[in-house]
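Colleague: Next comes the structure file upload_29.csv, holding CSV, C-alpha atoms and all ligand atoms.
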chain,number,residue,atom,x,y,z
A,121,MET,CA,62.8,-86.3,2.1
A,122,PRO,CA,60.1,-89.0,1.7
A,123,THR,CA,57.6,-88.3,-1.1
A,124,MET,CA,54.3,-89.5,-2.3
A,125,PRO,CA,52.4,-89.3,-5.6
A,126,GLY,CA,49.4,-87.0,-5.8
A,127,LEU,CA,47.0,-86.2,-8.7
A,128,VAL,CA,47.2,-82.7,-10.1
A,129,PHE,CA,45.1,-80.9,-12.8
A,130,VAL,CA,47.6,-79.3,-15.1
A,131,GLY,CA,44.9,-77.5,-17.2
A,132,ASN,CA,42.7,-78.1,-20.3
A,133,SER,CA,41.2,-81.4,-19.0
A,134,GLN,CA,44.6,-83.0,-18.3
A,135,ALA,CA,45.5,-84.7,-15.0
A,136,GLU,CA,48.7,-86.3,-14.0
A,137,LEU,CA,50.6,-87.7,-11.0
A,138,ARG,CA,53.3,-85.5,-9.4
A,139,GLU,CA,55.6,-86.2,-6.4
A,140,PHE,CA,54.8,-84.3,-3.2
A,141,ALA,CA,56.6,-84.2,0.1
A,142,LEU,CA,55.0,-86.6,2.6
A,143,PRO,CA,52.9,-84.2,4.7
A,144,GLU,CA,53.5,-83.7,8.4
A,145,PRO,CA,50.4,-82.9,10.5
A,146,GLY,CA,50.5,-79.6,12.3
A,147,PRO,CA,49.6,-79.4,16.1
A,148,THR,CA,45.9,-79.3,15.4
A,149,GLU,CA,46.0,-81.6,12.3
A,150,VAL,CA,45.9,-85.3,11.6
A,151,LEU,CA,47.5,-87.2,8.9
A,152,ILE,CA,45.0,-89.4,7.0
A,153,ARG,CA,46.0,-92.4,5.0
A,154,ILE,CA,43.5,-92.1,2.1
A,155,ARG,CA,41.4,-95.2,1.4
A,156,ALA,CA,38.7,-93.6,-0.9
A,157,SER,CA,38.6,-90.2,-2.6
A,158,GLY,CA,35.5,-89.3,-4.7
A,159,LEU,CA,35.2,-87.4,-7.9
A,160,CYS,CA,32.6,-84.6,-7.7
A,161,GLY,CA,31.0,-82.5,-10.4
A,162,SER,CA,32.5,-79.3,-9.1
A,163,ASP,CA,36.1,-80.7,-9.7
A,164,LEU,CA,35.4,-80.4,-13.4
A,165,HIS,CA,35.6,-76.6,-13.4
A,166,SER,CA,39.2,-76.6,-12.3
A,167,TYR,CA,40.0,-79.8,-14.4
A,168,ARG,CA,38.8,-78.1,-17.6
A,169,SER,CA,40.2,-74.6,-16.9
A,170,PRO,CA,43.3,-73.6,-18.8
A,171,GLY,CA,45.3,-73.0,-15.6
A,172,GLY,CA,44.3,-76.2,-13.8
A,173,LEU,CA,44.3,-76.4,-10.0
A,174,ARG,CA,46.9,-74.3,-8.3
A,175,GLU,CA,47.5,-72.9,-4.8
A,176,PRO,CA,46.4,-69.2,-4.8
A,177,GLY,CA,49.5,-67.0,-4.4
A,178,SER,CA,52.3,-69.5,-5.0
A,179,GLY,CA,50.7,-70.8,-8.2
A,180,GLU,CA,52.0,-74.3,-7.3
A,181,PHE,CA,49.9,-77.3,-8.4
A,182,ILE,CA,48.0,-78.8,-5.5
A,183,VAL,CA,46.6,-82.3,-5.0
A,184,ALA,CA,43.0,-82.5,-6.3
A,185,GLY,CA,40.1,-84.4,-4.7
A,186,HIS,CA,37.7,-83.0,-2.1
A,187,GLU,CA,35.8,-86.1,-1.0
A,188,PRO,CA,38.4,-87.8,1.2
A,189,ALA,CA,38.0,-90.8,3.6
A,190,GLY,CA,40.6,-92.9,5.3
A,191,VAL,CA,42.4,-93.9,8.4
A,192,VAL,CA,44.1,-91.6,10.9
A,193,GLU,CA,47.8,-92.3,10.6
A,194,ARG,CA,49.3,-89.7,13.0
A,195,VAL,CA,47.9,-86.9,15.1
A,196,GLY,CA,49.3,-83.5,16.0
A,197,ALA,CA,50.2,-82.7,19.7
A,198,LEU,CA,47.0,-80.7,20.3
A,199,VAL,CA,44.5,-83.2,18.7
A,200,THR,CA,42.2,-84.6,21.4
A,201,SER,CA,39.3,-86.4,19.7
A,202,PHE,CA,41.0,-88.8,17.2
A,203,VAL,CA,43.8,-91.3,17.5
A,204,PRO,CA,45.8,-93.3,15.0
A,205,GLY,CA,43.6,-96.1,13.5
A,206,ASP,CA,40.3,-94.1,13.6
A,207,ARG,CA,38.2,-94.2,10.4
A,208,VAL,CA,37.3,-90.7,9.3
A,209,LEU,CA,36.1,-88.5,6.5
A,210,ALA,CA,36.9,-84.8,6.2
A,211,TYR,CA,34.3,-82.1,5.5
A,212,HIS,CA,35.8,-80.7,2.3
A,213,ILE,CA,36.0,-77.1,3.3
A,214,LEU,CA,38.1,-75.7,6.1
A,215,GLY,CA,36.5,-72.5,7.4
A,216,CYS,CA,38.0,-69.9,9.7
A,217,GLY,CA,36.0,-71.2,12.6
A,218,GLY,CA,35.2,-67.8,13.8
A,219,CYS,CA,32.8,-66.1,11.4
A,220,HIS,CA,29.0,-66.3,11.8
A,221,ASN,CA,28.6,-69.0,9.2
A,222,CYS,CA,31.4,-71.1,10.6
A,223,ARG,CA,29.7,-70.8,14.0
A,224,LEU,CA,26.5,-72.0,12.5
A,225,GLY,CA,28.5,-75.0,11.3
A,226,TYR,CA,28.7,-74.1,7.6
A,227,PRO,CA,32.4,-73.9,6.7
A,228,VAL,CA,31.2,-73.9,3.1
A,229,SER,CA,29.7,-70.5,3.6
A,230,CYS,CA,32.7,-69.1,5.6
A,231,THR,CA,33.1,-65.4,4.8
A,232,SER,CA,36.8,-65.2,5.7
A,233,PRO,CA,39.5,-65.0,3.0
A,234,SER,CA,41.3,-67.8,5.0
A,235,LYS,CA,38.7,-70.3,3.9
A,236,LYS,CA,40.2,-73.2,2.1
A,237,ALA,CA,38.9,-76.3,0.4
A,238,TYR,CA,40.8,-79.6,0.6
A,239,GLY,CA,41.5,-80.2,-3.1
A,240,GLY,CA,40.7,-76.5,-3.8
A,241,GLN,CA,43.1,-74.2,-2.1
A,242,ARG,CA,45.1,-76.8,-0.1
A,243,ASN,CA,46.1,-80.4,-0.9
A,244,GLY,CA,43.2,-82.8,-1.2
A,245,GLY,CA,42.5,-86.5,-1.2
A,246,HIS,CA,43.8,-87.9,-4.5
A,247,ALA,CA,47.1,-89.0,-2.9
A,248,GLU,CA,48.3,-91.6,-0.4
A,249,PHE,CA,48.1,-89.1,2.5
A,250,MET,CA,46.4,-85.9,3.3
A,251,THR,CA,46.5,-83.6,6.3
A,252,ALA,CA,43.3,-82.2,7.7
A,253,GLU,CA,42.4,-80.0,10.7
A,254,GLU,CA,40.8,-82.0,13.5
A,255,ARG,CA,37.7,-79.8,13.3
A,256,SER,CA,37.1,-81.0,9.7
A,257,LEU,CA,36.9,-84.6,10.7
A,258,ILE,CA,33.8,-86.8,11.1
A,259,ALA,CA,34.1,-90.3,12.5
A,260,LEU,CA,33.1,-93.2,10.3
A,261,PRO,CA,31.6,-96.3,12.0
A,262,PRO,CA,32.6,-99.7,10.7
A,263,GLN,CA,29.2,-100.2,9.0
A,264,VAL,CA,29.9,-97.2,6.7
A,265,SER,CA,32.4,-98.0,4.0
A,266,PHE,CA,35.3,-95.7,3.1
A,267,ILE,CA,33.6,-95.2,-0.3
A,268,ASP,CA,30.3,-94.3,1.5
A,269,GLY,CA,32.3,-91.9,3.6
A,270,ALA,CA,34.1,-90.3,0.7
A,271,THR,CA,30.7,-89.5,-0.9
A,272,VAL,CA,29.5,-88.0,2.4
A,273,ALA,CA,32.4,-85.5,2.4
A,274,CYS,CA,30.5,-83.5,-0.3
A,275,GLY,CA,27.9,-85.0,-2.7
A,276,THR,CA,25.8,-87.3,-0.4
A,277,SER,CA,25.6,-84.6,2.3
A,278,THR,CA,24.6,-82.0,-0.3
A,279,ALA,CA,21.7,-84.4,-1.2
A,280,TYR,CA,20.8,-85.0,2.4
A,281,ALA,CA,20.7,-81.3,3.2
A,282,ALA,CA,18.5,-80.6,0.2
A,283,SER,CA,16.0,-83.4,1.3
A,284,ARG,CA,16.0,-81.9,4.8
A,285,ARG,CA,15.4,-78.4,3.4
A,286,ALA,CA,12.4,-79.7,1.5
A,287,ALA,CA,11.2,-81.5,4.7
A,288,VAL,CA,10.3,-84.6,2.8
A,289,VAL,CA,7.8,-86.8,4.5
A,290,PRO,CA,6.2,-90.2,3.6
A,291,GLY,CA,3.7,-89.8,0.8
A,292,ASP,CA,5.5,-86.9,-0.8
A,293,ARG,CA,5.8,-87.0,-4.5
A,294,VAL,CA,9.3,-85.8,-5.3
A,295,LEU,CA,10.7,-84.6,-8.6
A,296,ILE,CA,14.5,-84.8,-9.1
A,297,THR,CA,16.0,-83.1,-12.1
A,298,GLY,CA,19.5,-84.3,-13.0
A,299,LEU,CA,20.4,-87.9,-12.1
A,300,GLY,CA,24.1,-87.5,-11.5
A,301,PRO,CA,25.6,-88.5,-8.1
A,302,VAL,CA,23.8,-85.8,-6.1
A,303,GLY,CA,20.5,-86.5,-7.8
A,304,LEU,CA,20.9,-90.2,-7.1
A,305,ALA,CA,21.7,-89.6,-3.5
A,306,VAL,CA,18.6,-87.4,-3.2
A,307,ALA,CA,16.6,-90.3,-4.6
A,308,LEU,CA,18.2,-92.7,-2.1
A,309,PHE,CA,17.1,-90.6,0.9
A,310,CYS,CA,13.7,-89.6,-0.4
A,311,SER,CA,12.7,-93.1,-1.3
A,312,ASP,CA,13.9,-94.3,2.1
A,313,LEU,CA,11.7,-91.7,3.7
A,314,GLY,CA,8.7,-93.2,1.9
A,315,ALA,CA,8.3,-90.7,-0.9
A,316,GLU,CA,7.4,-91.5,-4.5
A,317,VAL,CA,10.4,-90.4,-6.6
A,318,ILE,CA,10.2,-89.2,-10.2
A,319,GLY,CA,13.6,-88.5,-11.8
A,320,VAL,CA,14.3,-86.5,-15.0
A,321,ASP,CA,17.4,-86.8,-17.0
A,322,PRO,CA,17.7,-86.7,-20.8
A,323,ASN,CA,20.5,-89.3,-20.7
A,324,THR,CA,18.4,-92.5,-21.0
A,325,GLU,CA,21.3,-94.6,-19.6
A,326,ARG,CA,21.5,-92.4,-16.5
A,327,ALA,CA,17.7,-92.6,-16.1
A,328,GLU,CA,17.7,-96.4,-16.3
A,329,PHE,CA,20.6,-96.6,-13.8
A,330,ALA,CA,18.7,-94.4,-11.4
A,331,LYS,CA,15.8,-96.8,-11.2
A,332,ARG,CA,18.0,-99.1,-9.3
A,333,TYR,CA,18.7,-96.5,-6.6
A,334,GLY,CA,15.4,-95.1,-5.5
A,335,VAL,CA,13.9,-93.5,-8.6
A,336,HIS,CA,10.5,-95.1,-9.2
A,337,GLN,CA,9.7,-93.4,-12.5
A,338,ALA,CA,12.1,-91.9,-14.9
A,339,ILE,CA,11.4,-89.2,-17.5
A,340,THR,CA,13.9,-88.7,-20.4
A,341,GLU,CA,12.1,-86.2,-22.6
A,342,SER,CA,14.5,-83.3,-23.2
A,343,ASP,CA,11.8,-81.0,-24.5
A,344,ALA,CA,10.3,-79.1,-21.5
A,345,GLY,CA,6.7,-79.3,-22.7
A,346,ALA,CA,6.9,-83.1,-23.3
A,347,ALA,CA,8.6,-83.6,-19.9
A,348,LEU,CA,5.9,-81.6,-18.2
A,349,GLU,CA,3.1,-83.5,-20.0
A,350,ARG,CA,4.7,-86.8,-18.8
A,351,LEU,CA,4.9,-85.5,-15.3
A,352,ALA,CA,1.2,-84.5,-15.4
A,353,GLU,CA,0.4,-88.1,-16.5
A,354,LEU,CA,2.5,-89.6,-13.7
A,355,THR,CA,0.9,-87.4,-11.0
A,356,ASP,CA,-2.7,-87.5,-12.2
A,357,GLY,CA,-2.4,-83.8,-13.1
A,358,ARG,CA,-1.5,-82.8,-9.5
A,359,GLY,CA,2.2,-82.1,-9.9
A,360,THR,CA,4.9,-82.9,-7.3
A,361,SER,CA,4.8,-81.8,-3.7
A,362,VAL,CA,8.6,-81.5,-3.7
A,363,SER,CA,11.0,-80.6,-6.5
A,364,ILE,CA,14.7,-80.9,-6.0
A,365,GLU,CA,16.9,-79.4,-8.8
A,366,CYS,CA,20.2,-81.2,-9.2
A,367,SER,CA,21.2,-80.6,-12.8
A,368,GLY,CA,22.4,-77.0,-12.4
A,369,THR,CA,20.5,-76.0,-15.6
A,370,ASP,CA,17.9,-73.2,-16.1
A,371,SER,CA,15.7,-75.7,-17.9
A,372,GLY,CA,15.8,-78.0,-14.8
A,373,ARG,CA,15.0,-75.1,-12.5
A,374,SER,CA,12.1,-74.0,-14.7
A,375,LEU,CA,10.7,-77.6,-14.8
A,376,CYS,CA,11.0,-77.9,-11.0
A,377,LEU,CA,8.9,-74.8,-10.5
A,378,ARG,CA,6.4,-75.6,-13.2
A,379,ALA,CA,5.9,-79.2,-12.1
A,380,ALA,CA,5.3,-78.2,-8.4
A,381,SER,CA,1.8,-78.6,-7.1
A,382,GLY,CA,0.2,-75.8,-5.0
A,383,TRP,CA,2.0,-75.3,-1.7
A,384,GLY,CA,4.9,-77.3,-3.1
A,385,ARG,CA,8.5,-77.0,-1.8
A,386,VAL,CA,11.2,-76.5,-4.4
A,387,VAL,CA,14.9,-76.7,-3.6
A,388,PHE,CA,17.7,-75.6,-6.0
A,389,VAL,CA,20.9,-77.5,-5.4
A,390,GLY,CA,22.7,-77.8,-8.8
A,391,PHE,CA,25.3,-75.1,-9.6
A,392,GLY,CA,25.4,-73.5,-13.1
A,393,GLY,CA,23.0,-71.9,-15.5
A,394,THR,CA,22.8,-68.3,-16.3
A,395,ALA,CA,19.6,-66.3,-15.8
A,396,LEU,CA,16.3,-67.9,-15.1
A,397,THR,CA,13.3,-66.2,-16.5
A,398,ILE,CA,10.0,-67.2,-15.0
A,399,ASN,CA,6.5,-65.9,-14.7
A,400,ALA,CA,6.7,-65.4,-10.9
A,401,ALA,CA,3.0,-64.8,-10.5
A,402,GLU,CA,2.0,-67.9,-12.3
A,403,VAL,CA,4.6,-70.4,-11.1
A,404,LEU,CA,5.5,-69.0,-7.6
A,405,ILE,CA,2.9,-66.7,-6.1
A,406,LEU,CA,-0.4,-68.2,-7.2
A,407,LYS,CA,0.8,-71.7,-6.3
A,408,GLN,CA,2.0,-70.5,-2.9
A,409,LEU,CA,5.4,-72.2,-3.4
A,410,SER,CA,8.3,-72.2,-1.0
A,411,LEU,CA,11.6,-71.9,-2.9
A,412,TYR,CA,14.9,-72.7,-1.2
A,413,GLY,CA,18.6,-72.6,-2.2
A,414,SER,CA,20.7,-75.3,-0.5
A,415,TRP,CA,24.5,-75.4,-0.6
A,416,VAL,CA,26.4,-78.5,0.7
A,417,SER,CA,25.5,-79.1,4.4
A,418,SER,CA,26.5,-78.1,7.9
A,419,LEU,CA,29.1,-80.1,9.8
A,420,ALA,CA,26.4,-81.4,12.1
A,421,GLN,CA,24.3,-82.5,9.2
A,422,MET,CA,27.3,-84.4,7.8
A,423,GLU,CA,27.6,-86.2,11.1
A,424,ASP,CA,23.8,-87.0,10.8
A,425,VAL,CA,24.3,-88.4,7.3
A,426,VAL,CA,26.8,-90.9,8.6
A,427,GLU,CA,24.4,-91.9,11.3
A,428,VAL,CA,21.5,-92.2,8.8
A,429,LEU,CA,23.6,-94.4,6.5
A,430,ARG,CA,24.4,-96.6,9.4
A,431,ALA,CA,21.0,-96.8,11.0
A,432,ARG,CA,19.1,-97.2,7.7
A,433,ASP,CA,21.7,-99.5,6.1
A,434,LEU,CA,21.9,-97.2,3.1
A,435,HIS,CA,25.0,-97.4,0.9
A,436,PRO,CA,25.8,-94.7,-1.6
A,437,ASP,CA,28.8,-96.9,-2.5
A,438,ALA,CA,26.4,-99.0,-4.5
A,439,MET,CA,26.1,-96.1,-7.0
A,440,VAL,CA,29.9,-96.4,-7.8
A,441,THR,CA,30.4,-97.6,-11.3
A,442,GLY,CA,34.1,-97.0,-11.4
A,443,GLN,CA,36.9,-97.6,-8.9
A,444,TYR,CA,40.3,-96.4,-9.9
A,445,THR,CA,43.8,-96.7,-8.3
A,446,LEU,CA,45.8,-93.5,-8.0
A,447,GLU,CA,47.8,-94.6,-11.0
A,448,GLY,CA,44.5,-94.7,-13.0
A,449,ALA,CA,43.0,-91.6,-11.6
A,450,ALA,CA,43.7,-89.5,-14.7
A,451,GLU,CA,41.7,-92.0,-16.6
A,452,ALA,CA,38.9,-91.6,-14.1
A,453,TYR,CA,38.7,-87.9,-14.8
A,454,GLN,CA,38.6,-88.6,-18.6
A,455,ALA,CA,35.6,-90.9,-18.1
A,456,PHE,CA,34.0,-88.4,-15.7
A,457,ASP,CA,34.4,-85.5,-18.1
A,458,GLY,CA,32.9,-87.7,-20.8
A,459,GLY,CA,29.6,-87.9,-18.8
A,460,SER,CA,30.0,-91.2,-16.9
A,461,ILE,CA,27.0,-92.9,-15.3
A,462,GLY,CA,26.9,-93.1,-11.4
A,463,LYS,CA,29.8,-92.2,-9.1
A,464,LEU,CA,33.6,-92.6,-9.7
A,465,VAL,CA,36.1,-93.0,-6.9
A,466,VAL,CA,39.9,-93.3,-6.4
A,467,VAL,CA,40.6,-96.1,-3.9
A,468,SER,CA,43.7,-97.6,-2.2
B,1,ZN,ZN,31.8,-81.6,-4.3
B,2,ZN,ZN,34.5,-68.7,8.7
Written as structure tokens, how would this file's structure read?

Modeller:
Amino acid sequence: MPTMPGLVFVGNSQAELREFALPEPGPTEVLIRIRASGLCGSDLHSYRSPGGLREPGSGEFIVAGHEPAGVVERVGALVTSFVPGDRVLAYHILGCGGCHNCRLGYPVSCTSPSKKAYGGQRNGGHAEFMTAEERSLIALPPQVSFIDGATVACGTSTAYAASRRAAVVPGDRVLITGLGPVGLAVALFCSDLGAEVIGVDPNTERAEFAKRYGVHQAITESDAGAALERLAELTDGRGTSVSIECSGTDSGRSLCLRAASGWGRVVFVGFGGTALTINAAEVLILKQLSLYGSWVSSLAQMEDVVEVLRARDLHPDAMVTGQYTLEGAAEAYQAFDGGSIGKLVVVS
């Protein structure tokens, strides 16, 4: 039986290559030859966990990586929209297709127990090949690189959906807290839309890096009061018309709310934190704020992201600071876990 190497998380921040059977696409699936497979912040939860990343039920290790892009190698008998040679990315969650959220185009919010993430509950992109259902696929035009496409499969689309939720328009003053890959992609879209972008990250290296990708002003004060004071200086005391929280911390959420100007729009995207305590009257009601939660994107939005990248000549791949082969992928996770700057990808 032909085999291929795939990266698994064995637990306690250890990753290693294991041999897997070369997958066969089912009737409604395609086999993708992986060309780029991104590392995403949410992978770190299973990477760091004692049990690693295993298939529910069987307990077998599964291939990690939920930002896959590549070339269609083979298609199942019932596949109609893709042929071998097509460039594609896969939306990283496979929903049931039938529940209300799936019908809305949000597999990420699928309510069925059959919901599976590629690189979560079934094999993902850190391997030579991956099978995906046809309905997960989004075509990649030649102007959009495989690395661009890999980032679209999760992080860049998450950023796009958050900017859309905030209805960013030219002239908006946008605060972004947390300048990891999602925060950087938010900056890319918002600056392209003609907004003034202020980024906050206590990591000075990250903040400096972000200035190359759409962040016009960076704030590195870790003390909330000092950061707020700096924001007031930068906005002539008016605050920001849009705040997008990408750090997943309660301090970031609090700063986003407190920095928002009257009638501001605030979007929480970053996962994490515990319990946020705010003075709702002061920071929400009196300021007439709109507060949204945004989780990943719809399938249609993911298609839109690819088109926006092509039409606007935007390239999230420019934020990639580390490209690793599959053989070096374990090293990539070590660097990522250590707080790397920018985006890391496994390429082949
Ligand atoms: Zn992700
Ligand atoms: Zn569903």

Colleague: Would you list the contacts of stretch 400-409 of chain A as a PyMOL selection string, taking every protein, DNA or RNA residue within 6 Å and counting only C-alpha atoms, but skipping same-chain residues closer than 2 positions in sequence?

Modeller: chain A and resi 378+382-385+398

Colleague: May I have the residues within 7 Å of ligand ZN 1 (chain B), computed using all atoms listed in the file, as a PyMOL selection string?

Modeller: chain A and resi 160-163+186-187+274-275

Colleague: For A:Thr355, list every protein, DNA or RNA residue within 12 Å, evaluated using all atoms listed in the file, and leave out those in the same chain fewer than 5 positions away; present the list as a list of chain:residue names.

Modeller: A:Asp292, A:Arg293, A:Val294, A:Leu295, A:Glu316, A:Val317, A:Ile318, A:Gln337, A:Leu348, A:Glu349, A:Arg350, A:Thr360, A:Ser361, A:Ala379, A:Ala380, A:Ser381

Colleague: Counting all atoms listed in the file, figure out which residue out of A:Gly218, A:Gly413, A:Pro176, A:Pro145 gets nearest to A:Ala286.

Modeller: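 That would be A:Gly413, the residue with the smallest distance to A:Ala286.
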
Colleague: Hey, which residues come within 9 Å of ligand ZN 2 (chain B) if we count only C-alpha atoms and all ligand atoms? Could you give them as a CSV table (one decimal) with C-alpha atoms, in the frame of the given file?

Modeller:
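Heads up, here's the output in out.csv:
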chain,number,residue,atom,x,y,z
A,214,LEU,CA,38.1,-75.7,6.1
A,215,GLY,CA,36.5,-72.5,7.4
A,216,CYS,CA,38.0,-69.9,9.7
A,217,GLY,CA,36.0,-71.2,12.6
A,218,GLY,CA,35.2,-67.8,13.8
A,219,CYS,CA,32.8,-66.1,11.4
A,220,HIS,CA,29.0,-66.3,11.8
A,221,ASN,CA,28.6,-69.0,9.2
A,222,CYS,CA,31.4,-71.1,10.6
A,223,ARG,CA,29.7,-70.8,14.0
A,226,TYR,CA,28.7,-74.1,7.6
A,227,PRO,CA,32.4,-73.9,6.7
A,228,VAL,CA,31.2,-73.9,3.1
A,229,SER,CA,29.7,-70.5,3.6
A,230,CYS,CA,32.7,-69.1,5.6
A,231,THR,CA,33.1,-65.4,4.8
A,232,SER,CA,36.8,-65.2,5.7
A,233,PRO,CA,39.5,-65.0,3.0
A,234,SER,CA,41.3,-67.8,5.0
A,235,LYS,CA,38.7,-70.3,3.9

Colleague: Of the candidates A:Ala449, A:Ala282, A:Leu464, A:Thr276, which shows the shortest atom-to-atom distance to A:Gln134, using all atoms listed in the file?

Modeller: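 Answer, going by the shortest atom-to-atom distance: A:Ala449.
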
Colleague: Can you measure atom CA of A:Val426 to atom CA of A:Pro261 for me? One decimal in Å is fine.

Modeller: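 Atom CA of A:Pro261 lies at a distance of 8.0 Å from atom CA of A:Val426.
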
Colleague: Of the candidates A:Ser460, A:Ser157, A:Ser374, A:Asn132, which shows the shortest atom-to-atom distance to A:Glu248, using only C-alpha atoms?

Modeller: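 Of A:Ser460, A:Ser157, A:Ser374, A:Asn132, the one nearest A:Glu248 is A:Ser157, counting only C-alpha atoms.
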
Colleague: Just to confirm, what's the straight-line distance from atom CA of A:Val150 to atom CA of A:Glu193 in Å (one decimal)?

Modeller: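 Result for atom CA of A:Val150 versus atom CA of A:Glu193: 7.3 Å, one decimal.
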
Colleague: Go through A:Ala270, A:Ala184, A:Leu299, A:Ala135 and flag the residue nearest A:Ile154, using only C-alpha atoms for the distances.

Modeller: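 Smallest distance to A:Ile154 is found for A:Ala270.
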
Colleague: Compare A:Ala330, A:Ala455, A:Ile339, A:Ala279 by their minimum atom-to-atom distance to A:Trp415, counting all atoms listed in the file, and give me the closest one.

Modeller: A:Ala279

Colleague: To one decimal in Å, tell me the separation between atom CA of A:Leu137 and atom CA of A:Ala438.

Modeller: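 Distance reported for this atom pair: 27.5 Å.
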
Colleague: Could you tell me, as an mmCIF file with C-alpha atoms, in the frame of the given file, which residues have any atom at most 10 Å from (35.9, -78.6, -17.0), counting all atoms listed in the file?

Modeller:
data_model
loop_
_atom_site.group_PDB
_atom_site.id
_atom_site.type_symbol
_atom_site.label_atom_id
_atom_site.label_comp_id
_atom_site.auth_asym_id
_atom_site.auth_seq_id
_atom_site.Cartn_x
_atom_site.Cartn_y
_atom_site.Cartn_z
ATOM 1 C CA GLY A 131 44.900 -77.500 -17.200
ATOM 2 C CA ASN A 132 42.700 -78.100 -20.300
ATOM 3 C CA SER A 133 41.200 -81.400 -19.000
ATOM 4 C CA GLN A 134 44.600 -83.000 -18.300
ATOM 5 C CA GLY A 161 31.000 -82.500 -10.400
ATOM 6 C CA SER A 162 32.500 -79.300 -9.100
ATOM 7 C CA ASP A 163 36.100 -80.700 -9.700
ATOM 8 C CA LEU A 164 35.400 -80.400 -13.400
ATOM 9 C CA HIS A 165 35.600 -76.600 -13.400
ATOM 10 C CA SER A 166 39.200 -76.600 -12.300
ATOM 11 C CA TYR A 167 40.000 -79.800 -14.400
ATOM 12 C CA ARG A 168 38.800 -78.100 -17.600
ATOM 13 C CA SER A 169 40.200 -74.600 -16.900
ATOM 14 C CA PRO A 170 43.300 -73.600 -18.800
ATOM 15 C CA GLY A 172 44.300 -76.200 -13.800
ATOM 16 C CA TYR A 453 38.700 -87.900 -14.800
ATOM 17 C CA ASP A 457 34.400 -85.500 -18.100
#
